[in-house]
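> Take a look at the following structure, please.
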Amino acid sequence: MISIVTPSFNRAYIIDETAVSILNQTDDRWEWIVVDDGSTDNSWEKLRSYARQDERIRVFQRDRQPKGACTCRNIGIEKAKGEYLIFLDTDDLLGEDAIKLRISVTQNLSKGELPYFPIVIFEGSRTRGFWWDDLKNPVSWLTGLFTMTPPCQGTAPLWPRESLIKIGGWREDLDVWQDIELHLRAYAEGYRFVAIEQETPDLFLRISPDSISHVDFHSSRKMKSRWKVVQYAFKAFDPRVISETELKARQNMARSVFQNALVVRDFEIAGAIIDFLKAQGDMNAGQIRWMRRALIHHRWRLNKVPFLVKQLIKERRRTFPFDLSRSICTIPWEESGTCNPLTVADTNDGCFLGDG
């Protein structure tokens with residue numbers, strides 16, 4: 001049996017569609033566990049109504065701190081009866097054969113393998129969406145995570161429940177990049193993610209303006225959450241055992257969070273980032289020198305002077321060379337077509353290619 005775990009907060013206006021996608025499964029070997037995060041709309045009443053109608057649906061209210069989706073997911077893990085887990089948010093949808101296909105895949109898994117399935121993102125109608133991944137420009141798993149262009153998002157993997165418990169579940173002190181951190185930790189623990197190829201997608205992620213990934217994107221709180229993930233990424237993977245591309249990707253991951261700190265003018269954290277990276281020894285002297293210079297520019301608002309900004313950007317590109325190109329969420333899933341690749345090195349300062 002597969003347990004579908006869903007954190008819920010104020011999604012009464014949309015959760016019916018998610019419920020229907022689960023109830024319409026062609027394979028009934030599932031249970032749906034929903035953990036409410038203190039909703040103030042009528043979503044809790046809706047969830048209780050579904051639970052009364054179908055015994056496979058079990059609903060709970062978060063009964064401990066901290067508030068947040070990851071706490072709700074971990075409570076769901078504790079309540080789950082299934083051998084495998086899918087994490088599905090309240091605005092996302094499953095295709096009708098999703099459970100059937102995932103159960104069939106489990107028969108051929110080797111120990112330590114975590115299958116993940118193709119995702120389509122959509123806004124409005126799921127009939128018109130875009131593939132999450134860029135299959136024409138594949139990257140190593142770590143490179144994808146370090147550049148925030150991972151081959152899959154947190155909903156895509158099918159997790160063996162015991163394996164997820166073994167690595168500690170979801171990290172509850174993060175506001176963003178929770179799935180990035182979870183995948184990094186699973187990889188560091190020896191698990192390997194295996195792509196399941198499907199011509200027809202059965203997992204649909206909705207682009208919602210009120211999602212945690214979009215609200216207050218550059219806030220200091222979210223920047224600090226990202227920095228926690230970067231610290232883990234540096235501590236968990238010895239630079240001597242990762243590839244040169246992965247090393248450069250991780251350096252740019254740290255650089256992007258450093259620039260996020262500059263954007264929100266949190267110079268204390270920016271300075272701490274420089275000190276941490278210097279102590280780790282993974283950055284060269286030129287990169288550390290550029291970061292110190294960038295800190296001075298923002299502290300004294302020299303970043304408002306156009307020619308100085310151009311000089312700083314030019315120096316950054318020379319100091320942090322990275323020519324990886326990835327294009328995600330731009331290729332229509334119903335038809336083939338071309339898309340404009342997004343070059344990681346040319347993203348806006350302090351911006352990110354994805355968010356969890």
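Labeling convention for the structure tokens: chains A, B, ... as they appear, residues from 1 per chain, ligands from 1 in order of appearance.
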Just list the residues in segment 23-89 of chain A DSSP gives alpha helix (DSSP H) on the backbone, as a list in words.
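Listing alpha helix (DSSP H) positions across segment 23-89 of chain A yields Leu23, Ser43, Trp44, Glu45, Lys46, Leu47, Arg48, Ser49, Tyr50, Ala51, Arg52, Gln53, Ala69, Cys70, Thr71, Cys72, Arg73, Asn74, Ile75, Gly76, Ile77, Glu78 and Lys79 of chain A.
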> Could you give me, as a tab-separated table (two decimals) with N, CA and C atoms, in the first residue's frame, the residues within 12 Å of Arg206 of chain A, counting only C-alpha atoms and dropping anything in the same chain fewer than 3 positions from it?

```
chain	number	residue	atom	x	y	z
A	14	ILE	N	-9.41	24.85	-3.14
A	14	ILE	CA	-8.77	24.08	-4.19
A	14	ILE	C	-8.60	22.60	-3.86
A	15	ILE	N	-8.78	22.22	-2.61
A	15	ILE	CA	-8.46	20.87	-2.20
A	15	ILE	C	-9.40	19.82	-2.79
A	17	GLU	N	-10.26	19.41	-5.85
A	17	GLU	CA	-9.68	18.88	-7.08
A	17	GLU	C	-8.60	17.85	-6.78
A	18	THR	N	-7.81	18.12	-5.74
A	18	THR	CA	-6.79	17.15	-5.33
A	18	THR	C	-7.45	15.87	-4.83
A	88	LEU	N	2.18	14.76	-1.46
A	88	LEU	CA	1.38	15.51	-2.43
A	88	LEU	C	0.77	16.71	-1.73
A	89	ASP	N	1.06	17.90	-2.24
A	89	ASP	CA	0.49	19.11	-1.63
A	89	ASP	C	-0.97	19.28	-2.03
A	90	THR	N	-1.65	20.18	-1.34
A	90	THR	CA	-3.10	20.31	-1.49
A	90	THR	C	-3.52	20.91	-2.82
A	91	ASP	N	-2.60	21.47	-3.58
A	91	ASP	CA	-2.98	22.04	-4.87
A	91	ASP	C	-2.46	21.21	-6.04
A	92	ASP	N	-1.87	20.06	-5.75
A	92	ASP	CA	-1.30	19.22	-6.80
A	92	ASP	C	-2.21	18.03	-7.09
A	93	LEU	N	-1.98	17.37	-8.23
A	93	LEU	CA	-2.89	16.34	-8.70
A	93	LEU	C	-2.14	15.08	-9.13
A	94	LEU	N	-2.82	13.94	-8.98
A	94	LEU	CA	-2.31	12.67	-9.49
A	94	LEU	C	-3.12	12.25	-10.71
A	119	ILE	N	7.36	14.98	-13.80
A	119	ILE	CA	6.40	15.96	-13.30
A	119	ILE	C	6.04	16.94	-14.41
A	120	VAL	N	4.79	17.34	-14.41
A	120	VAL	CA	4.34	18.44	-15.25
A	120	VAL	C	3.82	19.54	-14.34
A	121	ILE	N	4.28	20.77	-14.57
A	121	ILE	CA	3.74	21.90	-13.82
A	121	ILE	C	2.68	22.59	-14.67
A	122	PHE	N	1.70	23.18	-14.01
A	122	PHE	CA	0.63	23.84	-14.76
A	122	PHE	C	0.07	25.01	-13.97
A	123	GLU	N	-0.59	25.85	-14.68
A	123	GLU	CA	-1.29	26.99	-14.06
A	123	GLU	C	-2.65	27.08	-14.72
A	124	GLY	N	-3.70	26.92	-13.94
A	124	GLY	CA	-5.04	26.88	-14.51
A	124	GLY	C	-5.46	25.46	-14.76
A	125	SER	N	-5.32	24.99	-16.00
A	125	SER	CA	-5.72	23.64	-16.37
A	125	SER	C	-4.51	22.74	-16.53
A	126	ARG	N	-4.60	21.53	-15.99
A	126	ARG	CA	-3.48	20.61	-16.08
A	126	ARG	C	-3.30	20.08	-17.51
A	127	THR	N	-4.26	20.30	-18.39
A	127	THR	CA	-4.15	19.82	-19.76
A	127	THR	C	-3.11	20.60	-20.55
A	128	ARG	N	-2.72	21.74	-20.02
A	128	ARG	CA	-1.67	22.54	-20.67
A	128	ARG	C	-0.59	22.84	-19.65
A	129	GLY	N	0.45	22.03	-19.69
A	129	GLY	CA	1.51	22.19	-18.71
A	129	GLY	C	2.88	22.14	-19.36
A	130	PHE	N	3.90	22.05	-18.50
A	130	PHE	CA	5.29	22.03	-18.96
A	130	PHE	C	6.06	21.00	-18.16
A	132	TRP	N	8.86	19.36	-15.99
A	132	TRP	CA	9.72	19.94	-14.96
A	132	TRP	C	11.19	19.87	-15.37
A	155	THR	N	7.75	16.12	-4.67
A	155	THR	CA	6.60	15.25	-4.85
A	155	THR	C	6.93	14.04	-5.71
A	203	LEU	N	1.73	13.07	-12.69
A	203	LEU	CA	1.94	13.91	-11.52
A	203	LEU	C	1.96	15.36	-11.97
A	209	PRO	N	0.16	31.26	-6.64
A	209	PRO	CA	0.78	32.50	-6.18
A	209	PRO	C	0.93	32.58	-4.67
A	210	ASP	N	0.16	31.77	-3.93
A	210	ASP	CA	0.25	31.82	-2.47
A	210	ASP	C	1.11	30.70	-1.89
A	211	SER	N	1.87	30.01	-2.76
A	211	SER	CA	2.73	28.93	-2.26
A	211	SER	C	3.92	29.50	-1.52
A	213	SER	N	6.89	28.95	-1.96
A	213	SER	CA	8.02	29.22	-2.85
A	213	SER	C	7.95	30.61	-3.46
A	329	CYS	N	10.84	23.62	-16.89
A	329	CYS	CA	9.49	24.19	-16.82
A	329	CYS	C	9.17	25.10	-18.00
```
> Can you tell me which residues surround Val229 of chain A at a distance of at most 12 Å, considering only C-alpha atoms, apart from same-chain residues fewer than 3 positions away, and format the answer as a PyMOL selection string?
chain A and resi 145-146+148+171+173-185+222-226+232-236+250+253-254+257+355-356
> Excluding same-chain residues fewer than 2 positions from Lys248 of chain A, what lies within 8 Å of it counting only C-alpha atoms, as a ChimeraX atom specification?
/A:244-246,250-252,320-322
> For the selection you just gave me, I'd like the residues written to a file as a CSV table (one decimal), in the first residue's frame, keeping C-alpha atoms.

```csv
chain,number,residue,atom,x,y,z
A,244,GLU,CA,34.7,19.6,-10.9
A,245,THR,CA,31.2,20.6,-12.3
A,246,GLU,CA,29.6,19.7,-9.0
A,250,ARG,CA,28.2,24.2,-5.1
A,251,GLN,CA,30.4,27.4,-5.2
A,252,ASN,CA,27.7,29.2,-7.2
A,320,PHE,CA,32.9,32.1,-10.6
A,321,PRO,CA,33.0,30.5,-14.0
A,322,PHE,CA,30.1,28.2,-14.8
```
> Excluding segment 190-194 of chain A and residues on its chain fewer than 4 positions from it, collect all residues at most 8 Å away from it, counting only C-alpha atoms, and give them as a short mmCIF file (atom, residue, chain, number, x, y, z; two decimals) with C-alpha atoms, in the first residue's frame.

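As a result, around12.cif now contains:
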```cif
data_model
loop_
_atom_site.label_atom_id
_atom_site.label_comp_id
_atom_site.auth_asym_id
_atom_site.auth_seq_id
_atom_site.Cartn_x
_atom_site.Cartn_y
_atom_site.Cartn_z
CA GLY A 112 18.99 1.94 -1.83
CA GLU A 113 17.21 2.98 -5.04
CA LEU A 114 14.59 5.72 -4.86
CA PRO A 115 12.43 5.94 -7.99
CA TYR A 116 11.18 9.31 -9.11
CA TRP A 141 22.12 14.53 -9.24
CA PRO A 157 10.03 10.34 -5.49
CA ALA A 186 19.40 11.02 1.18
#
```
> As a PDB file with C-alpha atoms, in the first residue's frame, please: the residues near Asp266 of chain A (cut-off 12 Å, only C-alpha atoms, same-chain neighbours under 5 positions excluded).

```
ATOM      1  CA  HIS A 218      13.984  37.202  -1.147  1.00  0.00           C
ATOM      2  CA  SER A 219      13.114  37.727   2.520  1.00  0.00           C
ATOM      3  CA  SER A 220      15.763  37.521   5.229  1.00  0.00           C
ATOM      4  CA  ARG A 221      13.955  34.576   6.810  1.00  0.00           C
ATOM      5  CA  MET A 223      17.658  33.591   2.936  1.00  0.00           C
ATOM      6  CA  LYS A 224      18.687  32.164   6.321  1.00  0.00           C
ATOM      7  CA  VAL A 257      22.777  32.856  -1.157  1.00  0.00           C
ATOM      8  CA  PHE A 258      25.525  35.323  -0.251  1.00  0.00           C
ATOM      9  CA  GLN A 259      24.074  37.753  -2.796  1.00  0.00           C
ATOM     10  CA  ASN A 260      20.605  37.129  -1.361  1.00  0.00           C
ATOM     11  CA  ALA A 261      22.008  38.267   2.002  1.00  0.00           C
ATOM     12  CA  GLY A 271      30.129  38.259   6.619  1.00  0.00           C
ATOM     13  CA  ALA A 272      29.464  34.935   8.348  1.00  0.00           C
ATOM     14  CA  ILE A 273      29.060  33.278   4.952  1.00  0.00           C
ATOM     15  CA  LEU A 295      29.983  43.172   0.679  1.00  0.00           C
ATOM     16  CA  HIS A 298      26.406  46.871  -0.829  1.00  0.00           C
ATOM     17  CA  ARG A 299      27.224  48.165   2.646  1.00  0.00           C
TER      18      ARG A 299
END
```
> Given only C-alpha atoms as the basis, pick out the residue of A:Pro239, A:Arg255, A:Arg11, A:Ala19 nearest to Trp227 of chain A.
A:Arg255
> Rounded to one decimal in Å, what is the spacing between atom CA of Ile33 of chain A and atom CA of Ile86 of chain A?
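These atoms are spaced 10.2 Å apart.
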> Could you name the residues that touch Glu83 of chain A at 9 Å or less, counting only C-alpha atoms, but leaving out those on the same chain fewer than 2 positions away, as a PyMOL selection string?
chain A and resi 1-3+80-81+85+159-162
> I need the residues from that last selection saved to file as a PDB file, in the first residue's frame (with C-alpha atoms), if you can.

```pdb
ATOM      1  CA  MET A   1       0.000   0.000   0.000  1.00  0.00           C
ATOM      2  CA  ILE A   2       1.075   3.578  -0.691  1.00  0.00           C
ATOM      3  CA  SER A   3       0.415   6.356   1.788  1.00  0.00           C
ATOM      4  CA  ALA A  80       1.220   6.222   7.736  1.00  0.00           C
ATOM      5  CA  LYS A  81       0.470   2.524   7.366  1.00  0.00           C
ATOM      6  CA  LEU A  85       5.078   7.248   0.672  1.00  0.00           C
ATOM      7  CA  TRP A 159       9.881   6.857  -0.682  1.00  0.00           C
ATOM      8  CA  PRO A 160      10.119   3.582   1.225  1.00  0.00           C
ATOM      9  CA  ARG A 161       8.741   4.639   4.601  1.00  0.00           C
ATOM     10  CA  GLU A 162      11.472   2.927   6.616  1.00  0.00           C
TER      11      GLU A 162
END
```
> With only C-alpha atoms as the basis for distance, which of A:Phe9, A:Val230, A:Ile269, A:Lys278 is at the shortest distance from Thr147 of chain A?
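Result for the nearest residue to Thr147 of chain A: A:Val230.
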